[in-house]
$ cat entry.txt   # compact mmCIF, C-alpha atoms and all ligand atoms
# COMPACT_ATOMS: atom_id res chain seq x y z
CA MET A 196 -12.43 -26.77 -0.57
CA GLU A 197 -12.56 -27.12 -4.33
CA GLN A 198 -13.11 -23.94 -6.30
CA ALA A 199 -16.23 -25.53 -7.83
CA GLU A 200 -17.65 -25.92 -4.36
CA ILE A 201 -16.91 -22.29 -3.49
CA SER A 202 -18.66 -21.29 -6.70
CA ARG A 203 -21.71 -23.40 -5.81
CA LYS A 204 -21.79 -21.93 -2.34
CA VAL A 205 -21.73 -18.35 -3.62
CA GLN A 206 -24.41 -19.12 -6.21
CA ALA A 207 -26.62 -20.76 -3.57
CA ARG A 208 -26.30 -17.73 -1.34
CA PHE A 209 -26.90 -15.04 -3.98
CA GLY A 210 -29.09 -16.87 -6.54
CA GLU A 211 -30.38 -14.52 -9.22
CA ARG A 212 -27.93 -11.80 -8.27
CA ILE A 213 -25.07 -13.78 -9.80
CA VAL A 214 -25.04 -12.83 -13.49
CA SER A 215 -23.20 -15.97 -14.51
CA ALA A 216 -20.65 -18.48 -13.30
CA GLY A 217 -17.93 -20.19 -15.30
CA SER A 218 -14.68 -22.07 -15.16
CA PHE A 219 -11.55 -22.64 -17.20
CA ALA A 220 -8.62 -24.96 -16.46
CA GLY A 221 -9.95 -25.72 -13.00
CA GLN A 222 -10.36 -22.06 -12.07
CA HIS A 223 -13.88 -20.94 -11.26
CA TRP A 224 -15.44 -17.52 -11.10
CA VAL A 225 -18.73 -15.72 -10.73
CA ILE A 226 -19.77 -12.53 -12.47
CA VAL A 227 -21.74 -9.93 -10.53
CA ARG A 228 -23.10 -6.44 -11.08
CA PRO A 229 -21.47 -3.44 -9.39
CA ALA A 230 -24.42 -3.10 -7.00
CA ASP A 231 -23.83 -6.60 -5.59
CA LEU A 232 -20.04 -6.56 -5.68
CA VAL A 233 -19.25 -5.53 -2.13
CA GLU A 234 -21.77 -7.91 -0.64
CA VAL A 235 -20.41 -10.89 -2.58
CA LEU A 236 -16.82 -10.07 -1.74
CA HIS A 237 -17.66 -9.61 1.93
CA PHE A 238 -19.50 -12.92 1.98
CA LEU A 239 -16.36 -14.62 0.68
CA ARG A 240 -14.27 -12.86 3.28
CA ASP A 241 -16.55 -13.24 6.29
CA ASP A 242 -17.94 -16.75 5.87
CA PRO A 243 -15.88 -18.75 8.38
CA GLU A 244 -15.44 -21.65 5.98
CA LEU A 245 -14.33 -19.48 3.05
CA ASP A 246 -12.28 -16.93 4.98
CA MET A 247 -10.84 -15.17 1.92
CA ASN A 248 -8.80 -12.64 3.82
CA LEU A 249 -6.37 -11.64 1.07
CA LEU A 250 -7.12 -9.68 -2.09
CA THR A 251 -4.13 -10.62 -4.23
CA ASP A 252 -4.99 -8.65 -7.34
CA VAL A 253 -7.57 -6.52 -9.05
CA GLY A 254 -7.39 -6.31 -12.83
CA GLY A 255 -9.39 -4.81 -15.65
CA VAL A 256 -10.42 -6.15 -19.07
CA ASP A 257 -11.85 -4.31 -22.05
CA TYR A 258 -14.01 -6.63 -24.17
CA GLN A 259 -14.64 -4.21 -27.01
CA GLY A 260 -14.34 -6.10 -30.31
CA PHE A 261 -13.87 -9.42 -28.52
CA PRO A 262 -15.25 -12.35 -30.60
CA ASP A 263 -17.68 -13.36 -27.83
CA GLU A 264 -18.38 -9.82 -26.76
CA PRO A 265 -20.51 -9.90 -23.60
CA ASP A 266 -23.35 -7.45 -22.92
CA TRP A 267 -20.98 -5.29 -20.92
CA ARG A 268 -17.82 -3.61 -22.11
CA PHE A 269 -15.48 -3.92 -19.12
CA GLU A 270 -14.85 -6.50 -16.47
CA ILE A 271 -12.98 -6.01 -13.24
CA ALA A 272 -11.56 -9.22 -11.79
CA TYR A 273 -10.96 -9.57 -8.06
CA GLN A 274 -8.60 -12.40 -7.11
CA LEU A 275 -9.24 -13.57 -3.58
CA GLN A 276 -7.21 -15.97 -1.50
CA SER A 277 -7.65 -17.59 1.87
CA LEU A 278 -4.28 -17.68 3.56
CA LYS A 279 -5.44 -20.09 6.24
CA GLN A 280 -7.17 -22.61 3.96
CA ASN A 281 -4.98 -21.94 0.96
CA TYR A 282 -7.52 -21.67 -1.80
CA ARG A 283 -8.40 -19.01 -4.27
CA PHE A 284 -11.48 -17.69 -6.01
CA ARG A 285 -12.21 -15.02 -8.61
CA VAL A 286 -15.10 -12.59 -8.67
CA LYS A 287 -15.65 -10.52 -11.79
CA CYS A 288 -17.66 -7.35 -11.90
CA ALA A 289 -19.50 -6.55 -15.14
CA VAL A 290 -19.20 -2.85 -16.02
CA THR A 291 -21.49 -1.77 -18.88
CA ASP A 292 -19.48 1.31 -19.88
CA ASP A 293 -17.28 3.99 -18.41
CA THR A 294 -20.19 5.97 -16.99
CA VAL A 295 -20.78 3.20 -14.44
CA ARG A 296 -19.04 3.67 -11.13
CA VAL A 297 -17.88 0.68 -9.15
CA PRO A 298 -17.78 0.69 -5.35
CA SER A 299 -14.27 0.80 -3.96
CA VAL A 300 -13.26 -2.00 -1.61
CA TRP A 301 -10.16 -0.32 -0.23
CA GLN A 302 -11.64 -0.20 3.25
CA SER A 303 -12.01 -3.98 3.30
CA TRP A 304 -8.65 -4.75 1.70
CA ARG A 305 -6.06 -1.96 1.76
CA THR A 306 -4.34 -3.56 -1.23
CA ALA A 307 -7.29 -2.42 -3.36
CA ASN A 308 -6.22 1.22 -3.06
CA TRP A 309 -3.43 1.23 -5.63
CA MET A 310 -4.94 -1.50 -7.81
CA GLU A 311 -8.14 0.50 -8.22
CA ARG A 312 -6.05 3.53 -9.09
CA GLU A 313 -4.31 1.47 -11.76
CA ILE A 314 -7.65 0.44 -13.30
CA PHE A 315 -8.80 4.05 -13.19
CA ASP A 316 -5.57 5.11 -14.90
CA GLN A 317 -5.50 2.43 -17.59
CA PHE A 318 -9.23 1.94 -18.28
CA GLY A 319 -10.89 5.11 -16.99
CA ILE A 320 -13.31 3.33 -14.68
CA GLY A 321 -14.27 5.30 -11.59
CA PHE A 322 -14.45 3.88 -8.07
CA ASP A 323 -16.91 5.29 -5.58
CA GLY A 324 -15.50 5.94 -2.13
CA HIS A 325 -11.87 5.73 -3.19
CA PRO A 326 -9.77 8.12 -1.07
CA ASN A 327 -7.32 9.20 -3.77
CA LEU A 328 -8.46 8.36 -7.28
CA ARG A 329 -5.53 9.72 -9.31
CA ARG A 330 -3.39 8.23 -12.05
CA ILE A 331 -0.73 5.93 -10.68
CA LEU A 332 1.35 4.59 -13.60
CA ASN A 333 0.98 7.24 -16.30
CA HIS A 334 2.00 10.81 -15.70
CA ASP A 335 -0.49 13.48 -14.69
CA ASP A 336 -0.78 15.14 -18.12
CA PHE A 337 -1.51 11.84 -19.88
CA GLU A 338 -4.64 12.00 -22.04
CA GLY A 339 -6.88 8.96 -22.43
CA HIS A 340 -6.70 5.47 -21.01
CA PRO A 341 -4.13 3.34 -22.83
CA LEU A 342 -5.36 -0.18 -22.09
CA ARG A 343 -8.73 0.47 -23.69
CA LYS A 344 -9.15 -1.29 -27.01
CA ASP A 345 -10.08 1.97 -28.72
CA TYR A 346 -6.90 3.74 -27.59
CA PRO A 347 -4.99 4.41 -30.85
CA ILE A 348 -1.91 2.19 -30.79
CA ASN A 349 0.30 4.86 -32.35
CA LYS A 350 -0.92 7.71 -30.20
CA ARG A 351 1.95 9.59 -28.58
CA GLN A 352 1.59 11.77 -25.52
CA LYS A 353 3.41 14.93 -24.67
CA LEU A 354 6.25 14.26 -22.29
CA ALA A 355 5.82 14.41 -18.56
CA ARG A 356 6.46 17.65 -16.76
CA PRO A 357 9.38 17.68 -14.34
CA ALA A 358 8.37 17.16 -10.73
CA GLU A 359 7.88 20.35 -8.73
CA HIS A 360 11.12 20.02 -6.80
CA LEU A 361 13.04 19.88 -10.09
CA LEU A 362 11.62 23.25 -11.15
CA THR A 363 12.82 25.16 -8.13
CA ASP A 364 15.30 28.04 -8.37
CA ASP A 365 17.01 26.80 -5.25
CA PRO A 366 20.70 26.47 -6.26
CA GLU A 367 20.88 23.29 -4.21
CA TRP A 368 18.65 21.66 -6.83
CA ALA A 369 18.99 23.69 -10.00
CA MET B 84 59.28 4.91 -14.81
CA GLY B 85 62.73 5.04 -16.23
CA LEU B 86 61.21 6.33 -19.43
CA GLU B 87 62.78 9.77 -19.07
CA SER B 88 66.27 8.30 -19.16
CA ARG B 89 65.63 7.20 -22.71
CA LEU B 90 64.56 10.68 -23.82
CA GLU B 91 67.27 13.09 -24.72
CA SER B 92 65.49 16.03 -23.17
CA PRO B 93 63.03 16.18 -20.25
CA PHE B 94 60.65 18.33 -22.37
CA LEU B 95 58.17 17.60 -25.15
CA THR B 96 56.57 20.02 -27.56
CA THR B 97 52.89 19.50 -28.23
CA THR B 98 49.64 21.47 -28.42
CA VAL B 99 47.37 22.41 -25.57
CA ASP B 100 44.46 20.63 -27.26
CA ALA B 101 46.43 17.43 -27.57
CA VAL B 102 47.34 17.41 -23.89
CA ILE B 103 43.84 18.29 -22.70
CA ASN B 104 42.18 15.76 -24.99
CA TRP B 105 44.67 13.11 -23.98
CA GLY B 106 43.77 13.73 -20.35
CA ARG B 107 40.05 13.80 -21.02
CA LYS B 108 39.79 10.70 -23.10
CA TYR B 109 41.60 8.43 -20.67
CA SER B 110 39.78 9.65 -17.58
CA LEU B 111 36.11 9.51 -18.52
CA TRP B 112 33.95 9.34 -15.41
CA PRO B 113 30.70 7.61 -16.34
CA MET B 114 27.36 8.36 -14.78
CA PRO B 115 25.34 5.16 -15.21
CA PHE B 116 21.70 5.97 -15.88
CA GLY B 117 20.54 2.34 -15.77
CA THR B 118 16.81 1.81 -15.98
CA ALA B 119 16.46 -1.73 -17.33
CA CYS B 120 18.21 -4.92 -18.44
CA CYS B 121 20.98 -3.11 -20.35
CA ALA B 122 22.32 -1.87 -17.02
CA ILE B 123 22.96 -5.50 -16.06
CA GLU B 124 25.20 -5.82 -19.08
CA PHE B 125 27.05 -2.72 -17.93
CA MET B 126 27.98 -4.59 -14.76
CA GLY B 127 29.82 -6.97 -17.05
CA VAL B 128 31.54 -4.02 -18.72
CA VAL B 129 32.97 -2.72 -15.45
CA SER B 130 33.85 -6.04 -13.84
CA ASN B 131 37.08 -7.91 -14.27
CA ARG B 132 36.38 -9.95 -17.39
CA TYR B 133 35.81 -6.99 -19.72
CA ASP B 134 37.30 -4.43 -17.37
CA VAL B 135 36.59 -1.00 -18.76
CA SER B 136 39.39 0.44 -16.60
CA ARG B 137 41.74 -0.67 -19.37
CA PHE B 138 40.19 2.29 -21.20
CA GLY B 139 40.27 4.64 -18.25
CA ALA B 140 36.51 4.81 -17.77
CA GLU B 141 36.01 2.70 -14.67
CA LEU B 142 35.39 5.44 -12.12
CA VAL B 143 31.62 5.19 -12.02
CA ARG B 144 30.05 8.22 -10.36
CA PHE B 145 26.54 8.22 -9.02
CA SER B 146 26.40 12.00 -8.95
CA PRO B 147 26.01 13.71 -12.32
CA ARG B 148 28.04 16.64 -10.98
CA GLN B 149 31.12 14.47 -10.85
CA ALA B 150 30.65 12.76 -14.20
CA ASP B 151 31.39 13.64 -17.81
CA LEU B 152 30.06 10.56 -19.61
CA LEU B 153 26.34 9.84 -19.38
CA LEU B 154 25.55 6.20 -20.12
CA VAL B 155 21.83 5.79 -20.72
CA MET B 156 21.19 2.08 -20.38
CA GLY B 157 17.63 0.91 -20.59
CA THR B 158 14.04 1.80 -21.32
CA ILE B 159 13.19 5.45 -20.67
CA THR B 160 9.54 5.91 -19.89
CA GLN B 161 7.79 9.21 -20.39
CA LYS B 162 7.54 9.53 -16.65
CA MET B 163 11.31 9.14 -16.37
CA ALA B 164 12.04 11.63 -19.17
CA PRO B 165 12.23 14.80 -17.03
CA VAL B 166 14.58 13.03 -14.64
CA LEU B 167 16.97 12.07 -17.45
CA LYS B 168 16.89 15.62 -18.76
CA GLN B 169 17.64 16.96 -15.31
CA ILE B 170 20.57 14.57 -14.81
CA TYR B 171 22.02 15.63 -18.16
CA ASP B 172 21.63 19.32 -17.31
CA GLN B 173 23.36 18.80 -13.99
CA MET B 174 26.50 17.38 -15.58
CA PRO B 175 29.23 19.97 -16.01
CA ASP B 176 30.79 20.56 -19.44
CA PRO B 177 32.52 18.90 -21.17
CA LYS B 178 30.15 15.96 -21.33
CA TRP B 179 29.29 13.12 -23.70
CA VAL B 180 26.34 10.77 -23.97
CA VAL B 181 26.17 7.11 -24.96
CA SER B 182 22.76 5.65 -25.73
CA MET B 183 23.10 1.96 -24.97
CA GLY B 184 20.72 -0.57 -26.47
CA ALA B 185 17.62 -0.57 -28.62
CA CYS B 186 15.38 0.90 -25.92
CA ALA B 187 17.41 4.01 -25.17
CA SER B 188 18.17 4.58 -28.85
CA SER B 189 14.71 4.09 -30.34
CA GLY B 190 12.27 2.80 -27.76
CA GLY B 191 13.12 -0.72 -28.91
CA PHE B 192 10.18 -3.08 -29.07
CA TYR B 193 8.36 -0.85 -26.61
CA ASP B 194 6.62 0.94 -29.43
CA ASN B 195 3.83 1.91 -27.07
CA TYR B 196 2.10 4.62 -25.12
CA SER B 197 4.49 4.95 -22.21
CA VAL B 198 8.03 4.79 -23.60
CA VAL B 199 10.14 7.58 -25.08
CA GLN B 200 10.97 6.60 -28.66
CA GLY B 201 14.67 7.34 -28.37
CA ILE B 202 16.42 9.57 -25.85
CA ASP B 203 17.51 11.93 -28.63
CA GLU B 204 14.03 13.40 -28.23
CA LEU B 205 15.36 14.77 -24.94
CA ILE B 206 19.13 15.16 -24.95
CA PRO B 207 21.93 15.11 -27.55
CA VAL B 208 23.54 11.71 -28.10
CA ASP B 209 27.14 11.14 -29.22
CA VAL B 210 27.21 7.37 -29.77
CA TYR B 211 24.41 4.87 -30.20
CA VAL B 212 25.08 1.23 -29.33
CA ALA B 213 23.02 -1.41 -31.12
CA GLY B 214 21.84 -4.54 -29.40
CA CYS B 215 19.30 -5.85 -26.96
CA PRO B 216 21.32 -5.84 -24.84
CA PRO B 217 24.61 -4.91 -26.52
CA ARG B 218 27.54 -7.13 -25.61
CA PRO B 219 30.18 -5.61 -23.32
CA GLU B 220 32.63 -5.39 -26.23
CA ASN B 221 30.09 -3.21 -27.96
CA VAL B 222 29.91 -0.83 -25.03
CA ILE B 223 33.69 -0.66 -24.86
CA GLY B 224 33.56 0.04 -28.59
CA ALA B 225 31.30 2.99 -27.86
CA ILE B 226 33.71 4.32 -25.25
CA VAL B 227 36.54 4.06 -27.78
CA LYS B 228 34.37 5.96 -30.27
CA ILE B 229 33.86 8.68 -27.65
CA GLN B 230 37.63 8.78 -27.13
CA GLU B 231 38.14 9.22 -30.86
CA LYS B 232 35.62 12.00 -30.85
CA ILE B 233 37.36 13.68 -27.92
CA SER B 234 40.71 13.60 -29.67
CA ARG B 235 39.22 15.57 -32.57
CA GLU B 236 37.80 18.26 -30.28
CA LYS B 237 39.20 21.67 -29.45
CA ALA B 238 39.40 22.69 -25.81
CA ALA B 239 37.94 26.07 -26.76
CA ASP B 240 34.79 24.40 -28.09
CA TRP B 241 33.62 23.78 -24.56
CA ARG B 242 32.59 26.48 -22.17
S1 LIG C 1 17.54 -2.80 -25.30
FE1 LIG C 1 16.91 -4.85 -24.64
S2 LIG C 1 18.32 -5.37 -22.98
FE2 LIG C 1 18.41 -3.14 -23.26
S3 LIG C 1 16.93 -2.27 -21.85
FE3 LIG C 1 15.88 -2.57 -23.79
S4 LIG C 1 14.93 -4.59 -23.62
FE4 LIG C 1 16.50 -4.45 -22.03
$ encode --input "entry.txt" --output "structure tokens"
Amino acid sequence: MEQAEISRKVQARFGERIVSAGSFAGQHWVIVRPADLVEVLHFLRDDPELDMNLLTDVGGVDYQGFPDEPDWRFEIAYQLQSLKQNYRFRVKCAVTDDTVRVPSVWQSWRTANWMEREIFDQFGIGFDGHPNLRRILNHDDFEGHPLRKDYPINKRQKLARPAEHLLTDDPEWA
Amino acid sequence: MGLESRLESPFLTTTVDAVINWGRKYSLWPMPFGTACCAIEFMGVVSNRYDVSRFGAELVRFSPRQADLLLVMGTITQKMAPVLKQIYDQMPDPKWVVSMGACASSGGFYDNYSVVQGIDELIPVDVYVAGCPPRPENVIGAIVKIQEKISREKAADWR
């Protein structure tokens, strides 16, 4: 199935609930609100023709200061793939600001667990229902969210603390 | 070796420092702390073409407790910083440190939120090696520099 056709199918099913649909270089996507996200993703996964069983990536974007700044600040892009049919589709979730919480999809695709943690770490967007929403790339004492456009480029953090087992008095380790 | 037959006496007079330094500088045991692409270049340094064993520093140890030359080769992230510090602390004296490449020496082009801007923020460095990555000759040059430094040292300077 062509990506355009998948896009049409999703739009026909969800109508007004799709904020917008677009394409670039043959890749199509739809943009949805957080409230509709899980339903749209599950439709793509459970429809027997679409059968998007693999979530290959989840990524974040900060549109602050972007020339065509949309009405929302962040977008979260879910890259889906059907292993059986070998086609892909992208669903983007429009996130107005960092007070909005997005539903976690880790129970549908286990791969979402760490990728949602990465978005939380780098952009400071919270995921509802996530089992372990902690930083994953930056260290625990890190302040701020470095992939946000308003993160000062020259800002330096204090260095990471040694891991607990490095602090022990045990002569085996010390 | 037959050498002794050419000497008139089987004894030499020298200083303790000279003997100790002579031993130290030709038996450096490197601990490779390789975190990025520079460590690949180090593989060239130790393999047959460049062959660092010509300079006595080929016995790579993967335990800091058995090493006296710390080679920091690659990008050191802030998350890695405590580990590097710990490895350095675990090395017994006497010990020397080579910072190999732009990343280890200054953060390199990773002038960003996650990378330590030079390992001298964490541990003392004896020789910096320029390059991204430095050529193997450059690394051997650093080892020779360390050897020169060792020959100027006094055994009593170390604990
Ligand atoms: S200095 Fe260059 S080659 Fe070495 S670790 Fe950094 S980026 Fe890689």
$ closest_atom_pairs --input "entry.txt" --of "chain B" --to "chain A" --cutoff "6 Å" --atoms "only C-alpha atoms" --output "tab-separated table"
residue	atom	partner	partner_atom	distance
B:Gln161	CA	A:Leu354	CA	5.6
B:Lys162	CA	A:Ala355	CA	5.5
B:Pro165	CA	A:Pro357	CA	4.9
$ write_last_selection --input "entry.txt" --atoms "C-alpha atoms" --output "CSV table (one decimal), in the coordinates of the input"
chain,number,residue,atom,x,y,z
B,161,GLN,CA,7.8,9.2,-20.4
B,162,LYS,CA,7.5,9.5,-16.6
B,165,PRO,CA,12.2,14.8,-17.0
$ residues_near_ligand --input "entry.txt" --ligand "ligand LIG 1 (chain C)" --cutoff "12 Å" --atoms "only C-alpha atoms and all ligand atoms" --output "MDAnalysis selection string"
chainID B and resid 116:125 155:160 182:194 198:201 211:219 222
$ write_last_selection --input "entry.txt" --atoms "C-alpha atoms" --output "PDB file, in the frame of the given file"
ATOM      1  CA  PHE B 116      21.700   5.970 -15.880  1.00  0.00           C
ATOM      2  CA  GLY B 117      20.540   2.340 -15.770  1.00  0.00           C
ATOM      3  CA  THR B 118      16.810   1.810 -15.980  1.00  0.00           C
ATOM      4  CA  ALA B 119      16.460  -1.730 -17.330  1.00  0.00           C
ATOM      5  CA  CYS B 120      18.210  -4.920 -18.440  1.00  0.00           C
ATOM      6  CA  CYS B 121      20.980  -3.110 -20.350  1.00  0.00           C
ATOM      7  CA  ALA B 122      22.320  -1.870 -17.020  1.00  0.00           C
ATOM      8  CA  ILE B 123      22.960  -5.500 -16.060  1.00  0.00           C
ATOM      9  CA  GLU B 124      25.200  -5.820 -19.080  1.00  0.00           C
ATOM     10  CA  PHE B 125      27.050  -2.720 -17.930  1.00  0.00           C
ATOM     11  CA  VAL B 155      21.830   5.790 -20.720  1.00  0.00           C
ATOM     12  CA  MET B 156      21.190   2.080 -20.380  1.00  0.00           C
ATOM     13  CA  GLY B 157      17.630   0.910 -20.590  1.00  0.00           C
ATOM     14  CA  THR B 158      14.040   1.800 -21.320  1.00  0.00           C
ATOM     15  CA  ILE B 159      13.190   5.450 -20.670  1.00  0.00           C
ATOM     16  CA  THR B 160       9.540   5.910 -19.890  1.00  0.00           C
ATOM     17  CA  SER B 182      22.760   5.650 -25.730  1.00  0.00           C
ATOM     18  CA  MET B 183      23.100   1.960 -24.970  1.00  0.00           C
ATOM     19  CA  GLY B 184      20.720  -0.570 -26.470  1.00  0.00           C
ATOM     20  CA  ALA B 185      17.620  -0.570 -28.620  1.00  0.00           C
ATOM     21  CA  CYS B 186      15.380   0.900 -25.920  1.00  0.00           C
ATOM     22  CA  ALA B 187      17.410   4.010 -25.170  1.00  0.00           C
ATOM     23  CA  SER B 188      18.170   4.580 -28.850  1.00  0.00           C
ATOM     24  CA  SER B 189      14.710   4.090 -30.340  1.00  0.00           C
ATOM     25  CA  GLY B 190      12.270   2.800 -27.760  1.00  0.00           C
ATOM     26  CA  GLY B 191      13.120  -0.720 -28.910  1.00  0.00           C
ATOM     27  CA  PHE B 192      10.180  -3.080 -29.070  1.00  0.00           C
ATOM     28  CA  TYR B 193       8.360  -0.850 -26.610  1.00  0.00           C
ATOM     29  CA  ASP B 194       6.620   0.940 -29.430  1.00  0.00           C
ATOM     30  CA  VAL B 198       8.030   4.790 -23.600  1.00  0.00           C
ATOM     31  CA  VAL B 199      10.140   7.580 -25.080  1.00  0.00           C
ATOM     32  CA  GLN B 200      10.970   6.600 -28.660  1.00  0.00           C
ATOM     33  CA  GLY B 201      14.670   7.340 -28.370  1.00  0.00           C
ATOM     34  CA  TYR B 211      24.410   4.870 -30.200  1.00  0.00           C
ATOM     35  CA  VAL B 212      25.080   1.230 -29.330  1.00  0.00           C
ATOM     36  CA  ALA B 213      23.020  -1.410 -31.120  1.00  0.00           C
ATOM     37  CA  GLY B 214      21.840  -4.540 -29.400  1.00  0.00           C
ATOM     38  CA  CYS B 215      19.300  -5.850 -26.960  1.00  0.00           C
ATOM     39  CA  PRO B 216      21.320  -5.840 -24.840  1.00  0.00           C
ATOM     40  CA  PRO B 217      24.610  -4.910 -26.520  1.00  0.00           C
ATOM     41  CA  ARG B 218      27.540  -7.130 -25.610  1.00  0.00           C
ATOM     42  CA  PRO B 219      30.180  -5.610 -23.320  1.00  0.00           C
ATOM     43  CA  VAL B 222      29.910  -0.830 -25.030  1.00  0.00           C
TER      44      VAL B 222
END
$ closest_residue --input "entry.txt" --among "A:Ala216, A:Ala207, A:Met247, A:Ile331" --to "A:Arg283" --atoms "all atoms listed in the file"
A:Met247
$ residues_around --input "entry.txt" --residues "B:Glu231" --least-positions-apart "5" --cutoff "12 Å" --atoms "all atoms listed in the file" --output "MDAnalysis selection string"
chainID B and resid 104:105 107:109 209:210 224:226 236
$ atom_distance --input "entry.txt" --atom1 "atom CA of A:Val295" --atom2 "atom CA of A:Leu328"
15.2 Å
$ residues_around --input "entry.txt" --residues "stretch 172-175 of chain B" --least-positions-apart "4" --cutoff "7 Å" --atoms "all atoms listed in the file" --output "list in words"
Pro147, Arg148, Ala150, Asp151 and Lys168 of chain B
$ axis_aligned_box --input "entry.txt" --around "stretch 215-224 of chain B" --padding-each-side "4 Å" --output "JSON"
{"center_x": 26.5, "center_y": -3.5, "center_z": -26.0, "size_x": 22.4, "size_y": 15.2, "size_z": 13.3}
$ residues_around --input "entry.txt" --residues "A:Ala199" --least-positions-apart "2" --cutoff "9 Å" --atoms "only C-alpha atoms" --output "number ranges by chain"
A: 196-197, 201-204, 218, 221-224
$ write_last_selection --input "entry.txt" --atoms "C-alpha atoms" --output "PDB file, in the coordinates of the input"
ATOM      1  CA  MET A 196     -12.430 -26.770  -0.570  1.00  0.00           C
ATOM      2  CA  GLU A 197     -12.560 -27.120  -4.330  1.00  0.00           C
ATOM      3  CA  ILE A 201     -16.910 -22.290  -3.490  1.00  0.00           C
ATOM      4  CA  SER A 202     -18.660 -21.290  -6.700  1.00  0.00           C
ATOM      5  CA  ARG A 203     -21.710 -23.400  -5.810  1.00  0.00           C
ATOM      6  CA  LYS A 204     -21.790 -21.930  -2.340  1.00  0.00           C
ATOM      7  CA  SER A 218     -14.680 -22.070 -15.160  1.00  0.00           C
ATOM      8  CA  GLY A 221      -9.950 -25.720 -13.000  1.00  0.00           C
ATOM      9  CA  GLN A 222     -10.360 -22.060 -12.070  1.00  0.00           C
ATOM     10  CA  HIS A 223     -13.880 -20.940 -11.260  1.00  0.00           C
ATOM     11  CA  TRP A 224     -15.440 -17.520 -11.100  1.00  0.00           C
TER      12      TRP A 224
END
$ atom_distance --input "entry.txt" --atom1 "atom CA of A:Thr291" --atom2 "atom CA of A:Leu232"
14.1 Å
$ residues_near_point --input "entry.txt" --point "(-16.5, -9.3, -8.5)" --cutoff "10 Å" --atoms "all atoms listed in the file" --output "ChimeraX atom specification"
/A:213,224-229,231-236,253,270-275,285-289
